[in-house]
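First comes the structure, then the notes that go with it.
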Amino acid sequence: MQRYFLSLVLLFFLMHQNLQGQLSGCGPGYQASMAGNPGITGSAGDGHLRLSYLNLYPGGAYDLHSAAVSYDGFFPSIHGGAGFFISNEYLGGIVNDLKAGFSYSYFFQAGRKLWFSAGLSALFYHRGFSTGGIVLPDQIDPLRGSVLPSGESLTPEGRTVFDLGAGFVFYSGKFSGGLAVSHLAQPDLSLNDLEEGKLGRTLFMHLAGDFETGGSNKFSVLPLLATEVQKGYFSGAAGAALSFNHLSFNAMLLAGNSRNLDLQAGFSVSAGFVSLFYNYRFNILSGESLLPFSLQHHTGMALRLNNVDKRKIIKTIKFPIL
């Protein structure tokens, strides 16, 4: 079961969404996999507490950070998985996006080696503003370079909206895959109630495999494909991870119709009930020559809080390593 958990962790921290979407975050990924596809909730079997931290554009003084915490597990009494997630995105000291929600997934068997899980998530977004660091044009003295009191006042008004997501995942032998739709409620995070301020529905698809060599070394090759579409924006990712016992290395190419090409590489290590990972993403080709070379550092850990190896439904499913 520990091996299966490490496999699912690898899958969801490899997933990608570019920053050109409507949200400030970098997608479902390891940060909030249940929000990206609720169908995976509880699929690791054991109850796991996951924490992660992401630093965007670390080479510049942009002050962009994101942190997340989540917990999910499989519960026989509800025939599926349940969990919660909380994330906070700190954007330059001015905008702060807080997201929190719950997910539930139902597991059912469709064939001798075919399993499905279908899930639903409900969440709240809160976008807050800090106006203390904003300098308005009438505050600048062009001769002395000083900052003067402004004749205009800014109201640090926030916005809280409700949203829904749905998705499913299949598990069949060495393969797994899923389809999810986010922002079913199309919430509006803007303060002006404009149509373009609504979050467009996002379609997310992923397919993964697990090809393990024989013997006691447990060496595996783990391919992954993922794609995402939102309001005319398209992005895709393709890569693989190499897993050997409790250590894994991954590499992935990420591209979209913005003509950006990124490369992400990282590793994951597991020891007992603790798993750690680190990823680094950099830009190879920028279609508009705007992106810096260094895009993000992403690190995190997971703690296995309880053991459910005796729960037959989880032991029956062959979760692919990814």
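The way I read the labels, and the way they are meant: chains A, B, ... in the order of the structure tokens, residue 1 as the first residue of every chain, and ligand 1 as the first ligand shown, with later ones counted on from there.
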Item to complete: Name the residues in contact with region 109-121 of chain A at a cut-off of 6 Å, using only C-alpha atoms, excluding same-chain residues fewer than 5 positions from it; report them as an MDAnalysis selection string.
Response: chainID A and resid 38:39 102:104 164:172
Could you write out the selected residues, including C-alpha atoms, as a short mmCIF file (atom, residue, chain, number, x, y, z; two decimals), in the first residue's frame?
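So again_31.cif came out as:
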```
data_model
loop_
_atom_site.label_atom_id
_atom_site.label_comp_id
_atom_site.auth_asym_id
_atom_site.auth_seq_id
_atom_site.Cartn_x
_atom_site.Cartn_y
_atom_site.Cartn_z
CA PRO A 38 -12.44 14.78 -7.12
CA GLY A 39 -12.54 11.21 -8.42
CA PHE A 102 -14.41 19.15 0.52
CA SER A 103 -14.40 16.20 -1.89
CA TYR A 104 -16.17 12.84 -1.99
CA LEU A 164 -18.26 22.95 -7.82
CA GLY A 165 -16.17 20.33 -9.58
CA ALA A 166 -16.76 16.77 -10.77
CA GLY A 167 -14.64 13.98 -12.19
CA PHE A 168 -14.04 10.26 -12.52
CA VAL A 169 -11.02 7.95 -12.65
CA PHE A 170 -10.69 4.41 -14.05
CA TYR A 171 -8.22 1.76 -12.88
CA SER A 172 -7.53 -1.23 -15.11
#
```
Item to complete: Quick one: everything within 6 Å of Ser243 (chain A), counting only C-alpha atoms, minus sequence neighbours fewer than 3 positions away in the same chain. Send it as a PyMOL selection string.
Response: chain A and resi 219-220+247-248
How about saving the chosen residues, C-alpha atoms kept, as a PDB file, in the first residue's frame?
```pdb
ATOM      1  CA  PHE A 219      12.121  -0.871 -10.889  1.00  0.00           C
ATOM      2  CA  SER A 220       9.273   0.852 -12.758  1.00  0.00           C
ATOM      3  CA  LEU A 247      13.224   6.697  -4.710  1.00  0.00           C
ATOM      4  CA  SER A 248      11.775   8.200  -7.901  1.00  0.00           C
TER       5      SER A 248
END
```
Item to complete: Can you pull out every residue within 6 Å of region 227-240 of chain A, counting only C-alpha atoms, but drop anything in the same chain fewer than 6 positions away, and send it as an MDAnalysis selection string?
Response: chainID A and resid 200 202:205 250:257
Item to complete: Could you please write out, as number ranges by chain, every residue of region 193-239 of chain A that DSSP assigns to strand (DSSP E or B)?
Response: A: 198, 202-209, 211-212, 219-230, 233-239
Using only C-alpha atoms, determine which residues lie at most 7 Å from Ala68 (chain A), disregarding the query and same-chain residues fewer than 4 positions distant; provide the list as a short mmCIF file (atom, residue, chain, number, x, y, z; two decimals) with C-alpha atoms, in the first residue's frame.
```
data_model
loop_
_atom_site.label_atom_id
_atom_site.label_comp_id
_atom_site.auth_asym_id
_atom_site.auth_seq_id
_atom_site.Cartn_x
_atom_site.Cartn_y
_atom_site.Cartn_z
CA GLN A 31 -1.14 21.15 -4.39
CA LEU A 51 1.50 19.69 2.62
CA SER A 52 3.22 21.60 -0.17
CA TYR A 53 4.83 24.96 -0.89
CA ILE A 86 -7.07 24.39 1.90
CA SER A 87 -4.71 26.52 -0.18
CA ASN A 88 -3.47 30.09 0.13
#
```
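Atom pair CA of Asp72 (chain A) / CA of Ser182 (chain A) has a distance of 19.0 Å (rounded to one decimal).
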Discussion item. With only C-alpha atoms as the counted atoms, please give the residues lying no more than 12 Å from Leu242 (chain A), apart from itself and same-chain residues fewer than 5 positions off, as a ChimeraX atom specification.
Written reply: /A:7,10-11,209-213,218-224,247-252,265-269,321-322
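Between CA of Val181 (chain A) and CA of His48 (chain A) there is a distance of 24.1 Å.
Those residues that approach region 302-304 of chain A to within 8 Å, counting only C-alpha atoms, are A:Asp46, A:Gly47, A:His48, A:Leu49, A:Arg50, A:Leu51, A:Phe273, A:Val274, A:Ser275, A:Leu276, A:Gly300, A:Asn306, A:Asn307; same-chain residues fewer than 2 positions away are not listed.
Nearest residue to Phe85 (chain A) among A:Thr299, A:Ser33, A:Ser258, A:Ser286 is A:Ser33, counting only C-alpha atoms.
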Item to complete: Excluding Gly60 (chain A) and residues on its chain fewer than 6 positions from it, collect all residues at most 12 Å away from it, counting only C-alpha atoms, and give them as a ChimeraX atom specification.
Response: /A:92,291-296
N, CA and C atoms of the current selection, written as a PDB file, in the first residue's frame:
```
ATOM      1  N   GLY A  92       2.337  38.955  -4.466  1.00  0.00           N
ATOM      2  CA  GLY A  92       2.974  40.252  -4.467  1.00  0.00           C
ATOM      3  C   GLY A  92       2.600  41.174  -3.326  1.00  0.00           C
ATOM      4  N   LEU A 291       8.572  35.169 -20.456  1.00  0.00           N
ATOM      5  CA  LEU A 291       8.804  34.337 -19.286  1.00  0.00           C
ATOM      6  C   LEU A 291      10.283  34.300 -18.927  1.00  0.00           C
ATOM      7  N   PRO A 292      10.609  34.358 -17.630  1.00  0.00           N
ATOM      8  CA  PRO A 292      12.006  34.185 -17.206  1.00  0.00           C
ATOM      9  C   PRO A 292      12.412  32.716 -17.320  1.00  0.00           C
ATOM     10  N   PHE A 293      13.698  32.447 -17.158  1.00  0.00           N
ATOM     11  CA  PHE A 293      14.187  31.080 -17.246  1.00  0.00           C
ATOM     12  C   PHE A 293      13.667  30.236 -16.090  1.00  0.00           C
ATOM     13  N   SER A 294      13.758  30.747 -14.877  1.00  0.00           N
ATOM     14  CA  SER A 294      13.328  30.008 -13.687  1.00  0.00           C
ATOM     15  C   SER A 294      11.855  30.294 -13.418  1.00  0.00           C
ATOM     16  N   LEU A 295      11.020  29.253 -13.433  1.00  0.00           N
ATOM     17  CA  LEU A 295       9.575  29.441 -13.291  1.00  0.00           C
ATOM     18  C   LEU A 295       9.066  29.116 -11.890  1.00  0.00           C
ATOM     19  N   GLN A 296       9.528  28.031 -11.297  1.00  0.00           N
ATOM     20  CA  GLN A 296       9.010  27.716  -9.966  1.00  0.00           C
ATOM     21  C   GLN A 296       9.837  26.644  -9.265  1.00  0.00           C
TER      22      GLN A 296
END
```
